[in-house]
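S.K.: Handing you this structure, nothing more for now.
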Amino acid sequence: MILLVCGGAGFIGSNFIHYLLKKYPEYKLVNFDKLTYAGNLDNLRDIENNPNYKFVQGDITDLDKLNEVIKANKIDHVINFAAETHVDRSIHGGCKDFVLTNTLGVQMILDAVKINNLEKFVNVSTDEVYGALELAEDREFTESTPIWPNMPYAAAKAGGDLMCNAYFVTHKVPVVVTHCSNNYGPYQFPEKVIPFFVFKLMKSEKVPVYGDGLNVRDWIHVLDHAKALDLMLHVGVPGEVYNVGSDNERSNLEITKMILKVMNLGEEMIEYVTDRPGHDRRYAIDASKIKSLGWSADYSRDKFEQGLRETVEWYQNNTEWVEKLFAKKKGEMNKFQDNLERSNDIMKSAT
Ligand SMILES: NC(=O)c1ccc[n+]([C@@H]2O[C@H](COP(=O)([O-])OP(=O)(O)OC[C@H]3O[C@@H](n4cnc5c(N)ncnc54)[C@H](O)[C@@H]3O)[C@@H](O)[C@H]2O)c1
């Protein structure tokens, strides 16, 4: 396989590249990434000289560049991780870039796959496109749950997903779409909740929990997601959508308490802050379709604490990666902190 990995310098993309090169050392991978604030080539330092790996800086909204890279490297498959991914930014920082990359960018990749007659395209999407479940007894999301996103980030991702369906039906482009739940693991940009909390606690700062902390997400280890995407590249059926989740629903408060336990800290380190606008209450995934193809999570629900402990230890032990990230991305981290504080102020003045 000669695979174009769009957005491979981010959290999931870089974990996926590590996973795939280890499992299939003979595959060739071209990582095509714009290197936004979330892209970090330090995630891939250990494999940058691997002869079967190459990095090209580029934007998925640039069709000419996509075509050039596909032709020059004789690409036969594409997987897309490239996206604007931070929900708070899509709320407070404007969402034009979200629509450009998450919707238009996917359409450009679909055009490139069609023009170059490629074998398969896997578009990595999110369970957030389904909107929210309200009650504990509500049915989990299945692949036939209507797409009804509540946040700009999720709406822009849904735009990309709908384009995939339209290109499959209209042009027979061989595209598979996945809807995965919340990922955790190494190399995640520390504006996302788990590394954000770990870094705050490492500095003895309190961690902010939105609202009552009872918003529920289904958490999956990033390597289980990578394993599912490997399966999708090989046996995913074009035109189909697959949910990916590991039956591991946890409230934000539960996650926070687990992190505190793993780090030997007490609950006095929790600070409750005003809830985020449009904060979806519960996401839960029915992953029976992909399980029927032979996939299962190695970090199943009973191994979650182990996975979380390994993740916390990874951030604690990889001090060089952490320090370089903070040195390079200080401005972005401050912007994120400002957004968090602004969100709190807006909500306070509205109530
Ligand atoms: N993180 C999660 O929990 C989660 C869960 C389900 C699905 N997803 C999906 O998985 C994918 C990857 O998520 P992530 O958490 O690794 O994101 P991330 O923010 O860590 O990484 C995104 C990567 O895309 C690159 N990028 C952004 N815009 C680009 C563009 N226009 N052209 C080329 N590259 C561009 C960035 O430089 C970065 O390397 C996303 O599509 C996201 O919607 C994420």
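If you're wondering about the labels, chains in the structure tokens are A, B, ... by order shown, residues count from 1 in each chain, ligands from 1 in order shown.
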As a quick test: using only C-alpha atoms and all ligand atoms, which residues lie no more than 7 Å away from ligand 1? Give them as a PyMOL selection string.
M.R.: chain A and resi 6-13+32-40+58-61+80-86+101+105+124-127+157+179-184+188-189
S.K.: Where in region 37-76 of chain A does DSSP assign strand (DSSP E), given as a PDB file with N, CA and C atoms, in the first residue's frame?
M.R.:
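That gives us states-v3.pdb:
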```pdb
ATOM      1  N   TYR A  53       8.761   6.458   5.003  1.00  0.00           N
ATOM      2  CA  TYR A  53       7.933   7.558   5.500  1.00  0.00           C
ATOM      3  C   TYR A  53       8.440   8.876   4.934  1.00  0.00           C
ATOM      4  N   LYS A  54       7.494   9.731   4.552  1.00  0.00           N
ATOM      5  CA  LYS A  54       7.876  11.028   4.001  1.00  0.00           C
ATOM      6  C   LYS A  54       6.869  12.080   4.478  1.00  0.00           C
ATOM      7  N   PHE A  55       7.369  13.298   4.726  1.00  0.00           N
ATOM      8  CA  PHE A  55       6.456  14.386   5.108  1.00  0.00           C
ATOM      9  C   PHE A  55       6.391  15.438   3.999  1.00  0.00           C
ATOM     10  N   VAL A  56       5.188  15.877   3.668  1.00  0.00           N
ATOM     11  CA  VAL A  56       5.006  16.984   2.717  1.00  0.00           C
ATOM     12  C   VAL A  56       4.078  18.003   3.379  1.00  0.00           C
ATOM     13  N   GLN A  57       4.506  19.259   3.437  1.00  0.00           N
ATOM     14  CA  GLN A  57       3.612  20.268   4.006  1.00  0.00           C
ATOM     15  C   GLN A  57       2.601  20.697   2.956  1.00  0.00           C
TER      16      GLN A  57
END
```
S.K.: Compile the contact shell of Asn243 (chain A) as a PyMOL selection string: residues with an atom at most 8 Å away, counting only C-alpha atoms, same-chain residues fewer than 3 positions apart removed.
M.R.: chain A and resi 127+142-143+178-180+285-287+289-290
S.K.: Just the selected residues (all heavy atoms), exported as a PDB file, in the first residue's frame, please.
M.R.:
```
ATOM      1  N   ASP A 127     -18.299  10.960  16.303  1.00  0.00           N
ATOM      2  CA  ASP A 127     -19.673  10.691  16.751  1.00  0.00           C
ATOM      3  C   ASP A 127     -20.438  11.990  17.030  1.00  0.00           C
ATOM      4  O   ASP A 127     -21.658  11.976  17.146  1.00  0.00           O
ATOM      5  CB  ASP A 127     -19.676   9.783  17.990  1.00  0.00           C
ATOM      6  CG  ASP A 127     -18.963  10.371  19.199  1.00  0.00           C
ATOM      7  OD1 ASP A 127     -18.334  11.448  19.072  1.00  0.00           O
ATOM      8  OD2 ASP A 127     -19.023   9.750  20.282  1.00  0.00           O
ATOM      9  N   THR A 142     -26.365   4.653  16.338  1.00  0.00           N
ATOM     10  CA  THR A 142     -26.009   3.617  15.362  1.00  0.00           C
ATOM     11  C   THR A 142     -25.667   4.341  14.060  1.00  0.00           C
ATOM     12  O   THR A 142     -25.843   5.554  13.963  1.00  0.00           O
ATOM     13  CB  THR A 142     -27.181   2.652  15.089  1.00  0.00           C
ATOM     14  OG1 THR A 142     -28.194   3.372  14.396  1.00  0.00           O
ATOM     15  CG2 THR A 142     -27.734   2.065  16.367  1.00  0.00           C
ATOM     16  N   GLU A 143     -25.257   3.587  13.055  1.00  0.00           N
ATOM     17  CA  GLU A 143     -24.894   4.215  11.776  1.00  0.00           C
ATOM     18  C   GLU A 143     -26.120   4.820  11.096  1.00  0.00           C
ATOM     19  O   GLU A 143     -25.989   5.641  10.195  1.00  0.00           O
ATOM     20  CB  GLU A 143     -24.220   3.200  10.843  1.00  0.00           C
ATOM     21  CG  GLU A 143     -22.816   2.804  11.256  1.00  0.00           C
ATOM     22  CD  GLU A 143     -22.749   1.776  12.376  1.00  0.00           C
ATOM     23  OE1 GLU A 143     -23.824   1.329  12.859  1.00  0.00           O
ATOM     24  OE2 GLU A 143     -21.624   1.419  12.788  1.00  0.00           O
ATOM     25  N   THR A 178     -15.807   6.920   9.021  1.00  0.00           N
ATOM     26  CA  THR A 178     -15.889   6.375  10.376  1.00  0.00           C
ATOM     27  C   THR A 178     -16.342   7.459  11.349  1.00  0.00           C
ATOM     28  O   THR A 178     -15.988   8.629  11.193  1.00  0.00           O
ATOM     29  CB  THR A 178     -14.515   5.848  10.843  1.00  0.00           C
ATOM     30  OG1 THR A 178     -13.577   6.925  10.824  1.00  0.00           O
ATOM     31  CG2 THR A 178     -14.032   4.719   9.972  1.00  0.00           C
ATOM     32  N   HIS A 179     -17.115   7.052  12.348  1.00  0.00           N
ATOM     33  CA  HIS A 179     -17.556   7.971  13.403  1.00  0.00           C
ATOM     34  C   HIS A 179     -17.055   7.424  14.725  1.00  0.00           C
ATOM     35  O   HIS A 179     -17.611   6.465  15.262  1.00  0.00           O
ATOM     36  CB  HIS A 179     -19.088   8.061  13.426  1.00  0.00           C
ATOM     37  CG  HIS A 179     -19.655   8.775  12.244  1.00  0.00           C
ATOM     38  ND1 HIS A 179     -20.898   8.514  11.731  1.00  0.00           N
ATOM     39  CD2 HIS A 179     -19.137   9.758  11.465  1.00  0.00           C
ATOM     40  CE1 HIS A 179     -21.127   9.306  10.693  1.00  0.00           C
ATOM     41  NE2 HIS A 179     -20.064  10.056  10.510  1.00  0.00           N
ATOM     42  N   CYS A 180     -15.999   8.036  15.231  1.00  0.00           N
ATOM     43  CA  CYS A 180     -15.384   7.512  16.459  1.00  0.00           C
ATOM     44  C   CYS A 180     -15.722   8.403  17.655  1.00  0.00           C
ATOM     45  O   CYS A 180     -16.006   9.590  17.512  1.00  0.00           O
ATOM     46  CB  CYS A 180     -13.867   7.431  16.257  1.00  0.00           C
ATOM     47  SG  CYS A 180     -13.026   6.573  17.600  1.00  0.00           S
ATOM     48  N   ILE A 285     -21.895   5.197  21.730  1.00  0.00           N
ATOM     49  CA  ILE A 285     -21.724   4.604  20.402  1.00  0.00           C
ATOM     50  C   ILE A 285     -22.094   3.124  20.413  1.00  0.00           C
ATOM     51  O   ILE A 285     -21.669   2.383  21.311  1.00  0.00           O
ATOM     52  CB  ILE A 285     -20.223   4.742  20.020  1.00  0.00           C
ATOM     53  CG1 ILE A 285     -19.947   6.125  19.461  1.00  0.00           C
ATOM     54  CG2 ILE A 285     -19.766   3.687  19.083  1.00  0.00           C
ATOM     55  CD1 ILE A 285     -20.193   6.264  17.989  1.00  0.00           C
ATOM     56  N   ASP A 286     -22.879   2.721  19.435  1.00  0.00           N
ATOM     57  CA  ASP A 286     -23.097   1.293  19.195  1.00  0.00           C
ATOM     58  C   ASP A 286     -22.125   0.889  18.081  1.00  0.00           C
ATOM     59  O   ASP A 286     -22.289   1.288  16.929  1.00  0.00           O
ATOM     60  CB  ASP A 286     -24.550   1.073  18.752  1.00  0.00           C
ATOM     61  CG  ASP A 286     -24.836  -0.374  18.389  1.00  0.00           C
ATOM     62  OD1 ASP A 286     -23.868  -1.152  18.202  1.00  0.00           O
ATOM     63  OD2 ASP A 286     -26.025  -0.736  18.279  1.00  0.00           O
ATOM     64  N   ALA A 287     -21.100   0.125  18.458  1.00  0.00           N
ATOM     65  CA  ALA A 287     -20.050  -0.226  17.484  1.00  0.00           C
ATOM     66  C   ALA A 287     -20.204  -1.659  16.977  1.00  0.00           C
ATOM     67  O   ALA A 287     -19.235  -2.271  16.534  1.00  0.00           O
ATOM     68  CB  ALA A 287     -18.673  -0.023  18.121  1.00  0.00           C
ATOM     69  N   LYS A 289     -21.409  -2.881  14.317  1.00  0.00           N
ATOM     70  CA  LYS A 289     -21.137  -3.124  12.887  1.00  0.00           C
ATOM     71  C   LYS A 289     -19.638  -3.399  12.672  1.00  0.00           C
ATOM     72  O   LYS A 289     -19.273  -4.378  12.015  1.00  0.00           O
ATOM     73  CB  LYS A 289     -21.584  -1.908  12.075  1.00  0.00           C
ATOM     74  CG  LYS A 289     -21.460  -2.086  10.583  1.00  0.00           C
ATOM     75  CD  LYS A 289     -22.113  -0.908   9.867  1.00  0.00           C
ATOM     76  CE  LYS A 289     -21.848  -0.907   8.390  1.00  0.00           C
ATOM     77  NZ  LYS A 289     -22.434   0.278   7.740  1.00  0.00           N
ATOM     78  N   ILE A 290     -18.773  -2.579  13.233  1.00  0.00           N
ATOM     79  CA  ILE A 290     -17.329  -2.818  13.028  1.00  0.00           C
ATOM     80  C   ILE A 290     -16.871  -4.044  13.824  1.00  0.00           C
ATOM     81  O   ILE A 290     -15.984  -4.782  13.379  1.00  0.00           O
ATOM     82  CB  ILE A 290     -16.479  -1.559  13.339  1.00  0.00           C
ATOM     83  CG1 ILE A 290     -15.069  -1.750  12.775  1.00  0.00           C
ATOM     84  CG2 ILE A 290     -16.423  -1.211  14.804  1.00  0.00           C
ATOM     85  CD1 ILE A 290     -14.223  -0.499  12.719  1.00  0.00           C
TER      86      ILE A 290
END
```
S.K.: For CA of Lys328 (chain A) and CA of Asp97 (chain A), quote the distance in Å rounded to one decimal.
M.R.: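 Between CA of Lys328 (chain A) and CA of Asp97 (chain A) the gap works out to 21.3 Å.
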S.K.: Quick one: residues within 6 Å of Thr103 (chain A), only C-alpha atoms counted, chain neighbours fewer than 3 positions away excluded, as number ranges by chain?
M.R.: A: 99-100, 106, 156, 159-160
S.K.: Using DSSP on the backbone, list every residue of region 89-324 of chain A that comes out as helix (DSSP H, G or I), and give them as a PyMOL selection string.
M.R.: chain A and resi 89-92+96-115+127-130+152-171+193-202+222-235+252-262+267-269+288-291+301-317+319-324
S.K.: Compile the contact shell of Arg301 (chain A) as a VMD selection string: residues with an atom at most 7 Å away, counting only C-alpha atoms, same-chain residues fewer than 6 positions apart removed.
M.R.: chain A and resid 246 to 248
S.K.: Can you write just those residues out, N, CA, C and O atoms, as an mmCIF file, in the first residue's frame?
M.R.:
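As written to disk, selection34.cif reads:
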```cif
data_model
loop_
_atom_site.group_PDB
_atom_site.id
_atom_site.type_symbol
_atom_site.label_atom_id
_atom_site.label_comp_id
_atom_site.auth_asym_id
_atom_site.auth_seq_id
_atom_site.Cartn_x
_atom_site.Cartn_y
_atom_site.Cartn_z
ATOM 1 N N SER A 246 -15.651 2.077 22.370
ATOM 2 C CA SER A 246 -15.275 0.887 23.150
ATOM 3 C C SER A 246 -16.157 0.673 24.381
ATOM 4 O O SER A 246 -15.682 0.174 25.395
ATOM 5 N N ASP A 247 -17.454 1.036 24.279
ATOM 6 C CA ASP A 247 -18.420 0.792 25.368
ATOM 7 C C ASP A 247 -17.875 1.283 26.697
ATOM 8 O O ASP A 247 -17.890 0.566 27.698
ATOM 9 N N ASN A 248 -17.350 2.493 26.686
ATOM 10 C CA ASN A 248 -16.679 3.007 27.877
ATOM 11 C C ASN A 248 -17.197 4.410 28.182
ATOM 12 O O ASN A 248 -16.464 5.382 28.119
#
```
S.K.: Under the rule of at most 10 Å, produce a per-residue listing of region 4-101 of chain A near region 254-276 of chain A: chain, number, name, the closest pair of atoms, and the distance in Å, as CSV, using only C-alpha atoms.
M.R.:
```
residue,atom,partner,partner_atom,distance
A:Val87,CA,A:Arg276,CA,9.9
A:Asp88,CA,A:Arg276,CA,8.1
A:Ile91,CA,A:Arg276,CA,9.2
```
S.K.: So that I can check the surroundings of Pro51 (chain A), please list as an NGL selection string every protein, DNA and RNA residue that reaches within 10 Å of it, counting only C-alpha atoms and ignoring chain neighbours fewer than 6 positions away.
M.R.: :A and (26 or 28-29)
S.K.: Just to be explicit: take each residue in the selection above, keep C-alpha atoms, and write the result as an mmCIF file, in the first residue's frame.
M.R.:
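The result, stored in part-v1.cif:
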```cif
data_model
loop_
_atom_site.group_PDB
_atom_site.id
_atom_site.type_symbol
_atom_site.label_atom_id
_atom_site.label_comp_id
_atom_site.auth_asym_id
_atom_site.auth_seq_id
_atom_site.Cartn_x
_atom_site.Cartn_y
_atom_site.Cartn_z
ATOM 1 C CA GLU A 26 6.815 -2.540 3.865
ATOM 2 C CA LYS A 28 4.915 3.482 2.130
ATOM 3 C CA LEU A 29 3.350 6.474 3.891
#
```
S.K.: Check the smallest atom-to-atom distance from each of A:Leu308, A:Val198, A:Val175, A:Val241 to Val322 (chain A) using only C-alpha atoms, then report the winner.
M.R.: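 Nearest to Val322 (chain A): A:Val198.
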S.K.: For a quick check of understanding, using only C-alpha atoms, which of A:Pro152, A:Arg309, A:Asn123, A:Ile147 has the smallest distance to Gly239 (chain A)?
M.R.: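 Distance minimum relative to Gly239 (chain A) lands on A:Asn123.
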S.K.: By how many Å are CA of Tyr24 (chain A) and CA of Lys303 (chain A) apart?
M.R.: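 For CA of Tyr24 (chain A) relative to CA of Lys303 (chain A), the distance reads 26.3 Å.
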S.K.: As a ChimeraX atom specification, please: the residues near Tyr187 (chain A) (cut-off 12 Å, only C-alpha atoms, same-chain neighbours under 5 positions excluded).
M.R.: /A:8-16,18,38-45,192,194-196,222-223,311-312,314-316,318-319,321-322,325
S.K.: Selection from above, N, CA, C and O atoms, as a short mmCIF file (atom, residue, chain, number, x, y, z; two decimals), in the first residue's frame, can you write it?
M.R.:
```cif
data_model
loop_
_atom_site.label_atom_id
_atom_site.label_comp_id
_atom_site.auth_asym_id
_atom_site.auth_seq_id
_atom_site.Cartn_x
_atom_site.Cartn_y
_atom_site.Cartn_z
N GLY A 8 -1.45 13.91 9.30
CA GLY A 8 -0.72 12.90 10.09
C GLY A 8 0.16 13.46 11.18
O GLY A 8 0.75 12.70 11.95
N ALA A 9 0.26 14.80 11.28
CA ALA A 9 1.12 15.36 12.34
C ALA A 9 0.34 15.70 13.60
O ALA A 9 0.90 16.22 14.57
N GLY A 10 -0.96 15.43 13.60
CA GLY A 10 -1.77 15.70 14.79
C GLY A 10 -1.77 14.50 15.74
O GLY A 10 -0.96 13.58 15.61
N PHE A 11 -2.68 14.52 16.68
CA PHE A 11 -2.74 13.50 17.74
C PHE A 11 -3.03 12.10 17.17
O PHE A 11 -2.20 11.19 17.26
N ILE A 12 -4.18 11.93 16.55
CA ILE A 12 -4.56 10.58 16.11
C ILE A 12 -3.73 10.16 14.89
O ILE A 12 -3.28 9.02 14.79
N GLY A 13 -3.52 11.12 13.97
CA GLY A 13 -2.75 10.81 12.76
C GLY A 13 -1.36 10.30 13.08
O GLY A 13 -0.89 9.32 12.49
N SER A 14 -0.67 10.93 14.03
CA SER A 14 0.70 10.49 14.34
C SER A 14 0.69 9.14 15.05
O SER A 14 1.56 8.29 14.80
N ASN A 15 -0.28 8.90 15.92
CA ASN A 15 -0.38 7.57 16.54
C ASN A 15 -0.67 6.51 15.48
O ASN A 15 -0.12 5.40 15.53
N PHE A 16 -1.51 6.87 14.50
CA PHE A 16 -1.85 5.93 13.42
C PHE A 16 -0.61 5.60 12.58
O PHE A 16 -0.37 4.44 12.23
N HIS A 18 2.56 5.68 13.51
CA HIS A 18 3.40 4.77 14.30
C HIS A 18 2.86 3.34 14.23
O HIS A 18 3.60 2.39 14.02
N ALA A 38 -2.03 22.76 15.71
CA ALA A 38 -2.22 21.41 16.27
C ALA A 38 -1.27 20.38 15.66
O ALA A 38 -1.12 19.29 16.18
N GLY A 39 -0.61 20.75 14.54
CA GLY A 39 0.32 19.80 13.91
C GLY A 39 1.69 19.90 14.58
O GLY A 39 2.17 21.00 14.84
N ASN A 40 2.29 18.77 14.85
CA ASN A 40 3.55 18.78 15.59
C ASN A 40 4.46 17.66 15.08
O ASN A 40 4.23 16.48 15.38
N LEU A 41 5.49 18.04 14.32
CA LEU A 41 6.36 17.00 13.75
C LEU A 41 7.20 16.30 14.82
O LEU A 41 7.76 15.23 14.55
N ASP A 42 7.27 16.87 16.02
CA ASP A 42 7.96 16.16 17.11
C ASP A 42 7.25 14.85 17.46
O ASP A 42 7.84 13.95 18.04
N ASN A 43 5.95 14.75 17.09
CA ASN A 43 5.22 13.49 17.33
C ASN A 43 5.81 12.34 16.51
O ASN A 43 5.55 11.18 16.78
N LEU A 44 6.58 12.70 15.47
CA LEU A 44 7.06 11.69 14.51
C LEU A 44 8.58 11.67 14.39
O LEU A 44 9.12 11.10 13.46
N ARG A 45 9.27 12.30 15.35
CA ARG A 45 10.74 12.40 15.30
C ARG A 45 11.40 11.03 15.13
O ARG A 45 12.35 10.87 14.37
N LYS A 192 -6.94 19.73 24.86
CA LYS A 192 -7.98 18.72 25.05
C LYS A 192 -7.93 18.23 26.50
O LYS A 192 -6.85 18.22 27.12
N ILE A 194 -7.84 15.69 28.72
CA ILE A 194 -6.94 14.84 29.53
C ILE A 194 -5.54 15.45 29.64
O ILE A 194 -5.08 15.71 30.77
N PRO A 195 -4.83 15.75 28.54
CA PRO A 195 -3.51 16.37 28.74
C PRO A 195 -3.60 17.74 29.40
O PRO A 195 -2.73 18.11 30.19
N PHE A 196 -4.68 18.49 29.13
CA PHE A 196 -4.84 19.82 29.75
C PHE A 196 -4.86 19.68 31.28
O PHE A 196 -4.16 20.40 32.00
N VAL A 222 -6.42 5.68 21.71
CA VAL A 222 -6.11 6.06 20.33
C VAL A 222 -5.56 4.87 19.52
O VAL A 222 -5.79 4.78 18.31
N LEU A 223 -4.91 3.92 20.18
CA LEU A 223 -4.39 2.77 19.42
C LEU A 223 -5.50 1.80 19.03
O LEU A 223 -5.39 1.10 18.01
N THR A 311 -1.27 6.73 29.95
CA THR A 311 -1.30 8.02 29.25
C THR A 311 -0.72 9.13 30.14
O THR A 311 0.13 9.91 29.71
N VAL A 312 -1.17 9.18 31.39
CA VAL A 312 -0.66 10.19 32.33
C VAL A 312 0.85 10.02 32.47
O VAL A 312 1.62 10.99 32.41
N TRP A 314 2.89 8.73 30.35
CA TRP A 314 3.57 9.13 29.11
C TRP A 314 3.83 10.64 29.13
O TRP A 314 4.93 11.10 28.84
N TYR A 315 2.81 11.43 29.52
CA TYR A 315 2.99 12.89 29.57
C TYR A 315 4.00 13.28 30.66
O TYR A 315 4.80 14.20 30.48
N GLN A 316 3.98 12.54 31.77
CA GLN A 316 4.93 12.87 32.85
C GLN A 316 6.36 12.52 32.46
O GLN A 316 7.30 13.22 32.83
N ASN A 318 7.64 12.12 29.20
CA ASN A 318 8.17 12.70 27.95
C ASN A 318 8.34 14.21 28.10
O ASN A 318 7.73 14.99 27.36
N THR A 319 9.19 14.58 29.03
CA THR A 319 9.33 16.00 29.37
C THR A 319 9.89 16.81 28.19
O THR A 319 9.51 17.96 28.01
N TRP A 321 9.38 16.34 24.92
CA TRP A 321 8.26 16.59 24.00
C TRP A 321 7.37 17.70 24.57
O TRP A 321 6.97 18.62 23.87
N VAL A 322 7.09 17.62 25.86
CA VAL A 322 6.20 18.58 26.51
C VAL A 322 6.82 19.98 26.50
O VAL A 322 6.19 20.96 26.11
N LEU A 325 6.89 21.55 23.05
CA LEU A 325 5.54 21.92 22.64
C LEU A 325 5.14 23.25 23.29
O LEU A 325 4.65 24.16 22.62
#
```
S.K.: For Leu162 (chain A), which of A:Thr145, A:Asn317, A:Asn150, A:Gln107 is the closest residue, counting only C-alpha atoms?
M.R.: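 Among A:Thr145, A:Asn317, A:Asn150, A:Gln107, it is A:Gln107 that comes nearest to Leu162 (chain A).
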S.K.: Give the answer as one residue: which of A:Val244, A:Leu104, A:Leu201, A:Val78 has the shortest atom-to-atom distance to Val173 (chain A), using only C-alpha atoms?
M.R.: A:Val78
